[in-house]
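Below: one structure, written as structure tokens.
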Amino acid sequence: MSRFWSDHLADLTPYVAGEQPKSVTNLLKLNTNEHPYGPSPRALEAIKHAASDRLRLYPDNESVKLRAAIAQLHDLDIKQVFVGNGSDEVLAHIFNGLFRRSGRALLMPDITYSFYRTYCTLYQIPVQLVPLADDFSIRVDDYTQAHSVEPAGIIFSNPNAPTGIALTLDDIRAIAAANPDIPVVVDEAYVDFGAETAIALLKEYDNIVVVHTLSKSRSLAGLRVGFAVADSQVIQGLNRVKDSFNSYPLDVLAQAGAVAALEDTAYFKQMCQAVIDARTQLTEQLTGLGFQVLPSKTNFVFARHPKFEGAALAQALREQNILVRHFKLPRIDQFLRITVGTLEDCERLCNSLVKILEKTY
Ligand SMILES: *Cc1c(COP(=O)(O)O)cnc(C)c1O
């Protein structure tokens, strides 16, 4: 700690992302929910085309083409679309712009995307954790009952991370309807792998904010593009934050690549389906090995073995050059979060697990 730091820096606990090893041969990386297949070839083509002399110019600070593509895809007005440098940045602006409400607490599940807690410390927003049910699902009633003090807002991922479990559209509708005067933010980073998006509810409720990323289902984690859709006045607020921070969050290449990726519906559907099929197979294989696997609507599975410590299994896999994510957190420290790879990746993982489980018996 340096004496030059601002006061609140000492108390910050930064988010710790899954490891990105520099170069290990034969490494199977199932720890950060990246897509096993590459992005749309049309996106790569568009990025190459955009890499020209024109890079001497600033990008479109309003990302009009990209926002128009998102609006068209989801049947929205362009004024309802906000884009950012990855959905993490979009979320940061949401916390800053919507949840700093004179000391009122933000409601979120005790187990959800851990970055939310980090943003709360960064922006000094009190947190009220709502425990998941014993089966790790979000209990809708906890969010629809009257609150003794009005919260600053509600946020959760749907499907939730790292559990993989999804709420239905009716559940989300109930939560939005019961909380008309606070923002209800639904982080749909994994929604394309089998859950229902809440975007259609924007026609009925002006308090819903839905956040998406191109990092997972569009296989563009390296390009850094995310977006939020909401009522146009909510979006206006987010633009105020953005333009007081960095008015050019998306570079020329990112805007071009993202538009092309969003337009390639056929490729997108095919790649999502490949992951869903591999997930079904991986779930069966892990269950066969004695794992309890939570019902996943994402590109990862969350699983625990009744006879083996989660941390020990993660370490044993690591020794076989397979990375999975393990969280040293209450309630979930017996679990492994395993990204769904190709069918071959899943085979290799399961073969290694068979050896590890045999050895330790
Ligand atoms: C991966 C992830 C994000 C962040 O995605 P980026 O767009 O890459 O910043 C946000 N929320 C959840 C739940 C995620 O899993």
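Chain labels run A, B, ... following the order of the structure tokens; each chain numbers its residues from 1, and ligands are numbered from 1 in the order shown.
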As an mmCIF file with N, CA and C atoms, in the first residue's frame, list the residues of stretch 53-249 of chain A assigned to strand (DSSP E) by DSSP on the backbone atoms of this structure.
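The resulting file, part.cif, is reproduced below:
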data_model
loop_
_atom_site.group_PDB
_atom_site.id
_atom_site.type_symbol
_atom_site.label_atom_id
_atom_site.label_comp_id
_atom_site.auth_asym_id
_atom_site.auth_seq_id
_atom_site.Cartn_x
_atom_site.Cartn_y
_atom_site.Cartn_z
ATOM 1 N N VAL A 81 -30.514 0.923 -26.319
ATOM 2 C CA VAL A 81 -29.324 0.077 -26.348
ATOM 3 C C VAL A 81 -28.082 0.857 -25.913
ATOM 4 N N PHE A 82 -27.323 0.263 -24.989
ATOM 5 C CA PHE A 82 -26.074 0.839 -24.487
ATOM 6 C C PHE A 82 -24.973 -0.188 -24.693
ATOM 7 N N VAL A 83 -23.821 0.235 -25.244
ATOM 8 C CA VAL A 83 -22.739 -0.735 -25.449
ATOM 9 C C VAL A 83 -21.491 -0.337 -24.657
ATOM 10 N N GLY A 84 -20.667 -1.323 -24.357
ATOM 11 C CA GLY A 84 -19.464 -1.037 -23.581
ATOM 12 C C GLY A 84 -18.356 -2.036 -23.854
ATOM 13 N N LEU A 106 -28.046 -2.904 -2.111
ATOM 14 C CA LEU A 106 -28.346 -3.644 -3.334
ATOM 15 C C LEU A 106 -28.616 -5.102 -2.960
ATOM 16 N N LEU A 107 -29.722 -5.644 -3.461
ATOM 17 C CA LEU A 107 -30.104 -7.038 -3.200
ATOM 18 C C LEU A 107 -29.492 -7.948 -4.262
ATOM 19 N N MET A 108 -28.816 -8.997 -3.804
ATOM 20 C CA MET A 108 -28.296 -9.988 -4.766
ATOM 21 C C MET A 108 -28.165 -11.338 -4.077
ATOM 22 N N PRO A 109 -28.135 -12.435 -4.861
ATOM 23 C CA PRO A 109 -27.981 -13.758 -4.250
ATOM 24 C C PRO A 109 -26.629 -13.875 -3.544
ATOM 25 N N VAL A 127 -24.432 -3.933 0.500
ATOM 26 C CA VAL A 127 -24.954 -5.153 -0.125
ATOM 27 C C VAL A 127 -25.863 -5.880 0.848
ATOM 28 N N GLN A 128 -26.978 -6.396 0.341
ATOM 29 C CA GLN A 128 -27.803 -7.298 1.143
ATOM 30 C C GLN A 128 -27.874 -8.634 0.410
ATOM 31 N N LEU A 129 -27.185 -9.638 0.972
ATOM 32 C CA LEU A 129 -27.133 -10.945 0.314
ATOM 33 C C LEU A 129 -28.384 -11.750 0.623
ATOM 34 N N VAL A 130 -28.945 -12.360 -0.408
ATOM 35 C CA VAL A 130 -30.135 -13.188 -0.255
ATOM 36 C C VAL A 130 -29.730 -14.632 -0.545
ATOM 37 N N GLY A 153 -31.672 -1.516 -5.527
ATOM 38 C CA GLY A 153 -31.951 -2.262 -6.741
ATOM 39 C C GLY A 153 -31.726 -3.737 -6.500
ATOM 40 N N ILE A 154 -31.908 -4.503 -7.565
ATOM 41 C CA ILE A 154 -31.731 -5.959 -7.507
ATOM 42 C C ILE A 154 -30.846 -6.350 -8.683
ATOM 43 N N ILE A 155 -29.906 -7.248 -8.433
ATOM 44 C CA ILE A 155 -29.120 -7.788 -9.554
ATOM 45 C C ILE A 155 -28.871 -9.278 -9.354
ATOM 46 N N PHE A 156 -28.945 -10.026 -10.436
ATOM 47 C CA PHE A 156 -28.549 -11.435 -10.429
ATOM 48 C C PHE A 156 -28.236 -11.833 -11.863
ATOM 49 N N SER A 157 -27.533 -12.934 -12.030
ATOM 50 C CA SER A 157 -27.310 -13.467 -13.371
ATOM 51 C C SER A 157 -28.398 -14.493 -13.641
ATOM 52 N N VAL A 184 -34.189 -3.564 -11.768
ATOM 53 C CA VAL A 184 -33.950 -5.000 -11.658
ATOM 54 C C VAL A 184 -33.028 -5.371 -12.814
ATOM 55 N N VAL A 185 -31.776 -5.666 -12.493
ATOM 56 C CA VAL A 185 -30.777 -5.913 -13.536
ATOM 57 C C VAL A 185 -30.561 -7.418 -13.696
ATOM 58 N N VAL A 186 -30.780 -7.900 -14.912
ATOM 59 C CA VAL A 186 -30.638 -9.322 -15.201
ATOM 60 C C VAL A 186 -29.434 -9.504 -16.124
ATOM 61 N N ASP A 187 -28.397 -10.120 -15.598
ATOM 62 C CA ASP A 187 -27.161 -10.329 -16.349
ATOM 63 C C ASP A 187 -27.293 -11.653 -17.111
ATOM 64 N N ILE A 208 -36.664 -2.918 -15.863
ATOM 65 C CA ILE A 208 -35.771 -4.046 -16.168
ATOM 66 C C ILE A 208 -34.581 -3.585 -17.011
ATOM 67 N N VAL A 209 -33.398 -4.027 -16.619
ATOM 68 C CA VAL A 209 -32.189 -3.790 -17.415
ATOM 69 C C VAL A 209 -31.601 -5.163 -17.715
ATOM 70 N N VAL A 210 -31.411 -5.465 -18.989
ATOM 71 C CA VAL A 210 -30.852 -6.764 -19.367
ATOM 72 C C VAL A 210 -29.446 -6.555 -19.937
ATOM 73 N N VAL A 211 -28.491 -7.326 -19.435
ATOM 74 C CA VAL A 211 -27.093 -7.168 -19.849
ATOM 75 C C VAL A 211 -26.634 -8.420 -20.607
ATOM 76 N N HIS A 212 -26.022 -8.202 -21.755
ATOM 77 C CA HIS A 212 -25.492 -9.308 -22.575
ATOM 78 C C HIS A 212 -24.013 -9.090 -22.867
ATOM 79 N N THR A 213 -23.346 -10.172 -23.258
ATOM 80 C CA THR A 213 -21.950 -10.075 -23.668
ATOM 81 C C THR A 213 -21.731 -10.861 -24.952
ATOM 82 N N GLY A 226 -19.860 -5.764 -24.849
ATOM 83 C CA GLY A 226 -21.043 -6.137 -24.085
ATOM 84 C C GLY A 226 -22.092 -5.067 -24.258
ATOM 85 N N PHE A 227 -23.331 -5.355 -23.881
ATOM 86 C CA PHE A 227 -24.354 -4.318 -23.996
ATOM 87 C C PHE A 227 -25.446 -4.470 -22.953
ATOM 88 N N ALA A 228 -26.158 -3.366 -22.727
ATOM 89 C CA ALA A 228 -27.331 -3.373 -21.855
ATOM 90 C C ALA A 228 -28.506 -2.862 -22.665
ATOM 91 N N VAL A 229 -29.687 -3.405 -22.420
ATOM 92 C CA VAL A 229 -30.903 -2.882 -23.035
ATOM 93 C C VAL A 229 -31.894 -2.571 -21.916
#
Using 7 Å as the limit and counting only C-alpha atoms and all ligand atoms, can you tabulate each residue of chain A that touches ligand 1, with its shortest atom-to-atom distance in Å and the two atoms involved, as JSON lines?
{"residue": "A:Gly86", "atom": "CA", "partner": "ligand 1", "partner_atom_place_in_ligand_line": "7 (O)", "distance": 3.5}
{"residue": "A:Ser87", "atom": "CA", "partner": "ligand 1", "partner_atom_place_in_ligand_line": "7 (O)", "distance": 3.6}
{"residue": "A:Asp88", "atom": "CA", "partner": "ligand 1", "partner_atom_place_in_ligand_line": "9 (O)", "distance": 3.8}
{"residue": "A:Glu89", "atom": "CA", "partner": "ligand 1", "partner_atom_place_in_ligand_line": "9 (O)", "distance": 6.5}
{"residue": "A:Tyr113", "atom": "CA", "partner": "ligand 1", "partner_atom_place_in_ligand_line": "13 (C)", "distance": 5.1}
{"residue": "A:Ser157", "atom": "CA", "partner": "ligand 1", "partner_atom_place_in_ligand_line": "13 (C)", "distance": 5.4}
{"residue": "A:Asn160", "atom": "CA", "partner": "ligand 1", "partner_atom_place_in_ligand_line": "13 (C)", "distance": 6.9}
{"residue": "A:Ala161", "atom": "CA", "partner": "ligand 1", "partner_atom_place_in_ligand_line": "13 (C)", "distance": 5.5}
{"residue": "A:Asp187", "atom": "CA", "partner": "ligand 1", "partner_atom_place_in_ligand_line": "11 (N)", "distance": 5.9}
{"residue": "A:Glu188", "atom": "CA", "partner": "ligand 1", "partner_atom_place_in_ligand_line": "13 (C)", "distance": 6.9}
{"residue": "A:Ala189", "atom": "CA", "partner": "ligand 1", "partner_atom_place_in_ligand_line": "12 (C)", "distance": 5.0}
{"residue": "A:Tyr190", "atom": "CA", "partner": "ligand 1", "partner_atom_place_in_ligand_line": "15 (O)", "distance": 6.9}
{"residue": "A:Thr213", "atom": "CA", "partner": "ligand 1", "partner_atom_place_in_ligand_line": "7 (O)", "distance": 4.3}
{"residue": "A:Leu214", "atom": "CA", "partner": "ligand 1", "partner_atom_place_in_ligand_line": "7 (O)", "distance": 6.2}
{"residue": "A:Ser215", "atom": "CA", "partner": "ligand 1", "partner_atom_place_in_ligand_line": "8 (O)", "distance": 4.8}
{"residue": "A:Lys216", "atom": "CA", "partner": "ligand 1", "partner_atom_place_in_ligand_line": "1 (C)", "distance": 6.7}
{"residue": "A:Ala221", "atom": "CA", "partner": "ligand 1", "partner_atom_place_in_ligand_line": "8 (O)", "distance": 5.3}
{"residue": "A:Arg224", "atom": "CA", "partner": "ligand 1", "partner_atom_place_in_ligand_line": "7 (O)", "distance": 6.0}
{"residue": "A:Val225", "atom": "CA", "partner": "ligand 1", "partner_atom_place_in_ligand_line": "7 (O)", "distance": 5.8}
{"residue": "A:Gly226", "atom": "CA", "partner": "ligand 1", "partner_atom_place_in_ligand_line": "7 (O)", "distance": 4.8}
12 Å contact set for A:Ala133, only C-alpha atoms, chain neighbours under 2 positions out, as a PyMOL selection string: chain A and resi 109-111+130-131+135-142+163+165+331
Produce a file of the selected residues containing N, CA, C and O atoms, as a tab-separated table (two decimals), in the first residue's frame.
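Writing the result to again.tsv gives the following:
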chain	number	residue	atom	x	y	z
A	109	PRO	N	-28.13	-12.43	-4.86
A	109	PRO	CA	-27.98	-13.76	-4.25
A	109	PRO	C	-26.63	-13.87	-3.54
A	109	PRO	O	-25.67	-13.20	-3.92
A	110	ASP	N	-26.57	-14.75	-2.50
A	110	ASP	CA	-25.28	-14.95	-1.82
A	110	ASP	C	-24.28	-15.62	-2.76
A	110	ASP	O	-23.08	-15.42	-2.64
A	111	ILE	N	-24.81	-16.39	-3.71
A	111	ILE	CA	-23.93	-17.01	-4.70
A	111	ILE	C	-24.33	-16.51	-6.07
A	111	ILE	O	-25.41	-16.82	-6.57
A	130	VAL	N	-28.95	-12.36	-0.41
A	130	VAL	CA	-30.13	-13.19	-0.26
A	130	VAL	C	-29.73	-14.63	-0.54
A	130	VAL	O	-29.35	-14.95	-1.67
A	131	PRO	N	-29.77	-15.52	0.47
A	131	PRO	CA	-29.28	-16.89	0.25
A	131	PRO	C	-30.09	-17.63	-0.81
A	131	PRO	O	-31.31	-17.52	-0.86
A	135	ASP	N	-31.22	-26.15	-2.99
A	135	ASP	CA	-30.87	-26.75	-4.30
A	135	ASP	C	-30.15	-25.74	-5.20
A	135	ASP	O	-30.00	-25.97	-6.39
A	136	PHE	N	-29.72	-24.62	-4.62
A	136	PHE	CA	-28.95	-23.57	-5.31
A	136	PHE	C	-29.76	-22.78	-6.33
A	136	PHE	O	-29.19	-22.10	-7.18
A	137	SER	N	-31.08	-22.86	-6.26
A	137	SER	CA	-31.90	-22.02	-7.13
A	137	SER	C	-32.19	-20.70	-6.42
A	137	SER	O	-32.10	-20.60	-5.18
A	138	ILE	N	-32.51	-19.67	-7.21
A	138	ILE	CA	-32.92	-18.38	-6.65
A	138	ILE	C	-34.38	-18.51	-6.20
A	138	ILE	O	-35.23	-18.98	-6.97
A	139	ARG	N	-34.65	-18.16	-4.94
A	139	ARG	CA	-36.04	-18.20	-4.45
A	139	ARG	C	-36.72	-16.89	-4.82
A	139	ARG	O	-36.43	-15.85	-4.24
A	140	VAL	N	-37.65	-16.97	-5.76
A	140	VAL	CA	-38.29	-15.77	-6.29
A	140	VAL	C	-39.00	-14.98	-5.17
A	140	VAL	O	-38.94	-13.75	-5.13
A	141	ASP	N	-39.63	-15.71	-4.24
A	141	ASP	CA	-40.38	-15.05	-3.15
A	141	ASP	C	-39.51	-14.07	-2.35
A	141	ASP	O	-40.01	-13.07	-1.85
A	142	ASP	N	-38.23	-14.39	-2.21
A	142	ASP	CA	-37.35	-13.51	-1.44
A	142	ASP	C	-37.25	-12.12	-2.07
A	142	ASP	O	-36.90	-11.15	-1.41
A	163	THR	N	-23.75	-21.35	-10.71
A	163	THR	CA	-24.58	-22.56	-10.56
A	163	THR	C	-25.07	-23.09	-11.90
A	163	THR	O	-25.29	-24.28	-12.05
A	165	ILE	N	-28.00	-22.51	-13.06
A	165	ILE	CA	-29.46	-22.71	-12.98
A	165	ILE	C	-30.20	-21.45	-13.44
A	165	ILE	O	-29.81	-20.33	-13.10
A	331	ARG	N	-20.39	-22.60	1.02
A	331	ARG	CA	-21.47	-23.33	0.35
A	331	ARG	C	-21.04	-23.97	-0.96
A	331	ARG	O	-21.66	-24.93	-1.39
Hey, what's within 12 Å of A:Phe268 if we count only C-alpha atoms and toss same-chain stuff fewer than 2 positions away? As a list in words, please?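 With the cut-off at 12 Å, the set is His35, Tyr37, Gly38, Pro39, Ser40, Pro41, Arg42, Ala43, Asp192, Phe193, Leu214, Lys216, Ser217, Arg218, Ser219, Leu220, Ala260, Ala261, Leu262, Glu263, Asp264, Thr265, Ala266, Gln270, Met271, Cys272, Gln273, Ala274 and Val275 of chain A.
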Between stretch 80-172 of chain A and stretch 239-244 of chain A, at 8 Å or less, what are the per-residue closest atom pairs and their distances in Å? Count only C-alpha atoms, order by chain and rising residue number, and return it as JSON lines.
{"residue": "A:Phe82", "atom": "CA", "partner": "A:Asn239", "partner_atom": "CA", "distance": 7.5}
{"residue": "A:His93", "atom": "CA", "partner": "A:Val241", "partner_atom": "CA", "distance": 6.3}
{"residue": "A:Asn96", "atom": "CA", "partner": "A:Val241", "partner_atom": "CA", "distance": 7.5}
{"residue": "A:Gly97", "atom": "CA", "partner": "A:Val241", "partner_atom": "CA", "distance": 6.3}
Same residues, N, CA, C and O atoms, saved as a short mmCIF file (atom, residue, chain, number, x, y, z; two decimals), in the first residue's frame:
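What follows is the written file selection.cif:
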data_model
loop_
_atom_site.label_atom_id
_atom_site.label_comp_id
_atom_site.auth_asym_id
_atom_site.auth_seq_id
_atom_site.Cartn_x
_atom_site.Cartn_y
_atom_site.Cartn_z
N PHE A 82 -27.32 0.26 -24.99
CA PHE A 82 -26.07 0.84 -24.49
C PHE A 82 -24.97 -0.19 -24.69
O PHE A 82 -25.16 -1.37 -24.38
N HIS A 93 -20.80 0.63 -15.09
CA HIS A 93 -21.55 1.87 -15.28
C HIS A 93 -22.96 1.75 -14.69
O HIS A 93 -23.53 2.73 -14.21
N ASN A 96 -22.52 2.23 -10.96
CA ASN A 96 -22.23 3.64 -10.70
C ASN A 96 -23.46 4.52 -10.93
O ASN A 96 -23.77 5.40 -10.13
N GLY A 97 -24.17 4.24 -12.01
CA GLY A 97 -25.26 5.14 -12.43
C GLY A 97 -26.62 4.83 -11.83
O GLY A 97 -27.47 5.73 -11.75
#
Kindly indicate which residue among A:Asn351, A:Thr283, A:Asn246, A:Thr342 lies nearest to A:Val90, using only C-alpha atoms for the distances.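 Smallest separation from A:Val90 among the options: A:Asn246.
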Need the shell around A:Lys79: protein/DNA/RNA residues with any atom at most 9 Å away, counting only C-alpha atoms. Skip same-chain ones fewer than 5 positions apart. Format as a list in words?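 These residues fall inside the cut-off: Arg67, Ala71, Val229, Ala230, Asp231, Ser232, Gln233, Ile235 and Gln236 of chain A.
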Could you check how far atom CA of A:Lys359 sits from atom CA of A:His326, in Å to one decimal?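 Going from atom CA of A:Lys359 over to atom CA of A:His326 covers 20.8 Å.
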Please indicate the distance in Å from atom CA of A:Ser2 to atom CA of A:Tyr119, rounded to one decimal place.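 These atoms are spaced 21.8 Å apart.
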I'd like the contact shell of A:Gln320 - 12 Å cut-off, only C-alpha atoms, skipping same-chain residues fewer than 3 positions apart - returned as a PyMOL selection string. chain A and resi 24-29+313-317+323-324+348-353+355-356
For the residues in the current selection, export N, CA, C and O atoms as an mmCIF file, in the first residue's frame.
data_model
loop_
_atom_site.group_PDB
_atom_site.id
_atom_site.type_symbol
_atom_site.label_atom_id
_atom_site.label_comp_id
_atom_site.auth_asym_id
_atom_site.auth_seq_id
_atom_site.Cartn_x
_atom_site.Cartn_y
_atom_site.Cartn_z
ATOM 1 N N VAL A 24 1.390 -23.088 -22.242
ATOM 2 C CA VAL A 24 1.600 -24.438 -21.739
ATOM 3 C C VAL A 24 1.135 -25.346 -22.867
ATOM 4 O O VAL A 24 0.023 -25.191 -23.361
ATOM 5 N N THR A 25 1.982 -26.249 -23.308
ATOM 6 C CA THR A 25 1.552 -27.112 -24.418
ATOM 7 C C THR A 25 0.557 -28.137 -23.890
ATOM 8 O O THR A 25 0.632 -28.565 -22.738
ATOM 9 N N ASN A 26 -0.370 -28.488 -24.757
ATOM 10 C CA ASN A 26 -1.332 -29.532 -24.433
ATOM 11 C C ASN A 26 -2.249 -29.148 -23.270
ATOM 12 O O ASN A 26 -2.719 -29.996 -22.528
ATOM 13 N N LEU A 27 -2.445 -27.847 -23.104
ATOM 14 C CA LEU A 27 -3.295 -27.387 -22.005
ATOM 15 C C LEU A 27 -4.759 -27.424 -22.428
ATOM 16 O O LEU A 27 -5.115 -26.981 -23.507
ATOM 17 N N LEU A 28 -5.614 -27.956 -21.551
ATOM 18 C CA LEU A 28 -7.058 -27.925 -21.803
ATOM 19 C C LEU A 28 -7.658 -26.905 -20.843
ATOM 20 O O LEU A 28 -7.652 -27.086 -19.628
ATOM 21 N N LYS A 29 -8.152 -25.811 -21.411
ATOM 22 C CA LYS A 29 -8.552 -24.665 -20.612
ATOM 23 C C LYS A 29 -10.066 -24.648 -20.447
ATOM 24 O O LYS A 29 -10.801 -24.217 -21.332
ATOM 25 N N LEU A 313 -9.593 -32.155 -6.327
ATOM 26 C CA LEU A 313 -9.873 -32.559 -7.711
ATOM 27 C C LEU A 313 -9.333 -31.527 -8.696
ATOM 28 O O LEU A 313 -8.734 -31.875 -9.721
ATOM 29 N N ALA A 314 -9.538 -30.239 -8.397
ATOM 30 C CA ALA A 314 -9.048 -29.181 -9.284
ATOM 31 C C ALA A 314 -7.526 -29.281 -9.408
ATOM 32 O O ALA A 314 -6.968 -29.147 -10.497
ATOM 33 N N GLN A 315 -6.865 -29.547 -8.278
ATOM 34 C CA GLN A 315 -5.397 -29.654 -8.285
ATOM 35 C C GLN A 315 -4.940 -30.879 -9.084
ATOM 36 O O GLN A 315 -4.004 -30.790 -9.887
ATOM 37 N N ALA A 316 -5.642 -31.987 -8.904
ATOM 38 C CA ALA A 316 -5.265 -33.213 -9.623
ATOM 39 C C ALA A 316 -5.440 -33.012 -11.134
ATOM 40 O O ALA A 316 -4.615 -33.464 -11.932
ATOM 41 N N LEU A 317 -6.504 -32.309 -11.531
ATOM 42 C CA LEU A 317 -6.726 -32.046 -12.956
ATOM 43 C C LEU A 317 -5.622 -31.136 -13.512
ATOM 44 O O LEU A 317 -5.136 -31.306 -14.625
ATOM 45 N N LEU A 323 -7.346 -27.192 -16.774
ATOM 46 C CA LEU A 323 -7.750 -26.142 -15.840
ATOM 47 C C LEU A 323 -9.267 -26.101 -15.726
ATOM 48 O O LEU A 323 -9.972 -26.040 -16.728
ATOM 49 N N VAL A 324 -9.768 -26.154 -14.487
ATOM 50 C CA VAL A 324 -11.185 -25.907 -14.216
ATOM 51 C C VAL A 324 -11.223 -24.846 -13.120
ATOM 52 O O VAL A 324 -10.189 -24.523 -12.534
ATOM 53 N N ARG A 348 -11.501 -35.986 -22.924
ATOM 54 C CA ARG A 348 -10.196 -35.929 -22.237
ATOM 55 C C ARG A 348 -10.389 -35.640 -20.750
ATOM 56 O O ARG A 348 -9.746 -36.254 -19.900
ATOM 57 N N LEU A 349 -11.289 -34.710 -20.449
ATOM 58 C CA LEU A 349 -11.568 -34.387 -19.046
ATOM 59 C C LEU A 349 -12.045 -35.633 -18.308
ATOM 60 O O LEU A 349 -11.540 -35.959 -17.219
ATOM 61 N N CYS A 350 -13.008 -36.326 -18.887
ATOM 62 C CA CYS A 350 -13.597 -37.470 -18.188
ATOM 63 C C CYS A 350 -12.584 -38.601 -18.044
ATOM 64 O O CYS A 350 -12.532 -39.257 -17.003
ATOM 65 N N ASN A 351 -11.757 -38.821 -19.066
ATOM 66 C CA ASN A 351 -10.713 -39.843 -18.945
ATOM 67 C C ASN A 351 -9.761 -39.523 -17.796
ATOM 68 O O ASN A 351 -9.378 -40.405 -17.027
ATOM 69 N N SER A 352 -9.395 -38.255 -17.679
ATOM 70 C CA SER A 352 -8.516 -37.865 -16.572
ATOM 71 C C SER A 352 -9.213 -38.060 -15.234
ATOM 72 O O SER A 352 -8.600 -38.541 -14.275
ATOM 73 N N LEU A 353 -10.485 -37.700 -15.180
ATOM 74 C CA LEU A 353 -11.219 -37.850 -13.917
ATOM 75 C C LEU A 353 -11.304 -39.323 -13.510
ATOM 76 O O LEU A 353 -11.157 -39.657 -12.329
ATOM 77 N N LYS A 355 -9.148 -41.633 -14.047
ATOM 78 C CA LYS A 355 -7.848 -42.000 -13.452
ATOM 79 C C LYS A 355 -7.698 -41.418 -12.049
ATOM 80 O O LYS A 355 -7.234 -42.084 -11.135
ATOM 81 N N ILE A 356 -8.076 -40.154 -11.900
ATOM 82 C CA ILE A 356 -7.919 -39.488 -10.603
ATOM 83 C C ILE A 356 -8.790 -40.180 -9.542
ATOM 84 O O ILE A 356 -8.339 -40.468 -8.433
#
Quick one: distance from atom CA of A:Phe4 to atom CA of A:Tyr116 in Å, one decimal?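 Taking atom CA of A:Phe4 and atom CA of A:Tyr116, their separation equals 26.5 Å.
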Which residues are near A:Ile47? Cut-off 9 Å, only C-alpha atoms, ignore same chain within fewer than 6 positions. Put them as a count of residues only. 8
Alpha helix (DSSP H) per DSSP on the backbone: members of stretch 93-291 of chain A, as a PyMOL selection string: chain A and resi 93-98+115-122+141-144+169-178+232-242+252-263+265-288
Go ahead and save the residues from that selection, with C-alpha atoms, as a tab-separated table (two decimals), in the first residue's frame.
chain	number	residue	atom	x	y	z
A	93	HIS	CA	-21.55	1.87	-15.28
A	94	ILE	CA	-24.85	0.34	-14.12
A	95	PHE	CA	-23.56	0.10	-10.54
A	96	ASN	CA	-22.23	3.64	-10.70
A	97	GLY	CA	-25.26	5.14	-12.43
A	98	LEU	CA	-28.20	3.21	-10.97
A	115	PHE	CA	-17.72	-9.15	-9.66
A	116	TYR	CA	-20.94	-7.60	-8.30
A	117	ARG	CA	-19.45	-7.49	-4.80
A	118	THR	CA	-16.31	-5.85	-6.17
A	119	TYR	CA	-18.29	-3.08	-7.86
A	120	CYS	CA	-20.16	-2.53	-4.60
A	121	THR	CA	-16.92	-1.87	-2.74
A	122	LEU	CA	-15.60	0.28	-5.57
A	141	ASP	CA	-40.38	-15.05	-3.15
A	142	ASP	CA	-37.35	-13.51	-1.44
A	143	TYR	CA	-37.40	-10.76	-4.08
A	144	THR	CA	-41.16	-10.28	-4.45
A	169	LEU	CA	-39.52	-15.59	-17.78
A	170	ASP	CA	-42.52	-15.70	-15.42
A	171	ASP	CA	-40.15	-15.60	-12.43
A	172	ILE	CA	-38.40	-12.52	-13.80
A	173	ARG	CA	-41.73	-10.90	-14.58
A	174	ALA	CA	-42.86	-11.47	-10.98
A	175	ILE	CA	-39.67	-9.88	-9.61
A	176	ALA	CA	-39.97	-6.86	-11.92
A	177	ALA	CA	-43.69	-6.42	-11.16
A	178	ALA	CA	-43.14	-6.52	-7.39
A	232	SER	CA	-34.47	4.77	-23.10
A	233	GLN	CA	-34.32	7.09	-20.07
A	234	VAL	CA	-32.35	4.51	-18.11
A	235	ILE	CA	-29.97	4.26	-21.08
A	236	GLN	CA	-29.63	8.06	-21.09
A	237	GLY	CA	-28.37	7.81	-17.51
A	238	LEU	CA	-25.79	5.17	-18.47
A	239	ASN	CA	-24.60	7.42	-21.31
A	240	ARG	CA	-24.03	10.21	-18.80
A	241	VAL	CA	-21.74	7.92	-16.82
A	242	LYS	CA	-19.94	6.67	-19.93
A	252	VAL	CA	-13.18	0.62	-34.61
A	253	LEU	CA	-12.26	-3.08	-34.82
A	254	ALA	CA	-14.54	-4.10	-31.98
A	255	GLN	CA	-17.52	-2.25	-33.47
A	256	ALA	CA	-16.99	-3.79	-36.91
A	257	GLY	CA	-16.43	-7.32	-35.60
A	258	ALA	CA	-19.38	-7.18	-33.24
A	259	VAL	CA	-21.83	-6.07	-35.96
A	260	ALA	CA	-20.75	-8.89	-38.27
A	261	ALA	CA	-20.90	-11.47	-35.46
A	262	LEU	CA	-24.43	-10.42	-34.49
A	263	GLU	CA	-25.57	-10.64	-38.12
A	265	THR	CA	-27.31	-15.92	-37.08
A	266	ALA	CA	-26.78	-19.27	-38.78
A	267	TYR	CA	-23.24	-19.69	-37.44
A	268	PHE	CA	-24.32	-18.50	-33.99
A	269	LYS	CA	-27.17	-21.01	-33.72
A	270	GLN	CA	-25.01	-23.86	-34.91
A	271	MET	CA	-22.24	-23.11	-32.41
A	272	CYS	CA	-24.64	-22.70	-29.48
A	273	GLN	CA	-26.22	-26.04	-30.36
A	274	ALA	CA	-22.81	-27.73	-30.49
A	275	VAL	CA	-22.11	-26.55	-26.93
A	276	ILE	CA	-25.56	-27.60	-25.73
A	277	ASP	CA	-25.07	-31.10	-27.19
A	278	ALA	CA	-21.64	-31.42	-25.59
A	279	ARG	CA	-23.11	-30.24	-22.27
A	280	THR	CA	-25.73	-32.99	-22.37
A	281	GLN	CA	-23.05	-35.59	-22.99
A	282	LEU	CA	-20.68	-34.17	-20.34
A	283	THR	CA	-23.47	-34.11	-17.76
A	284	GLU	CA	-24.23	-37.80	-18.43
A	285	GLN	CA	-20.56	-38.75	-18.22
A	286	LEU	CA	-19.97	-36.86	-14.97
A	287	THR	CA	-23.13	-38.28	-13.44
A	288	GLY	CA	-21.86	-41.74	-14.43
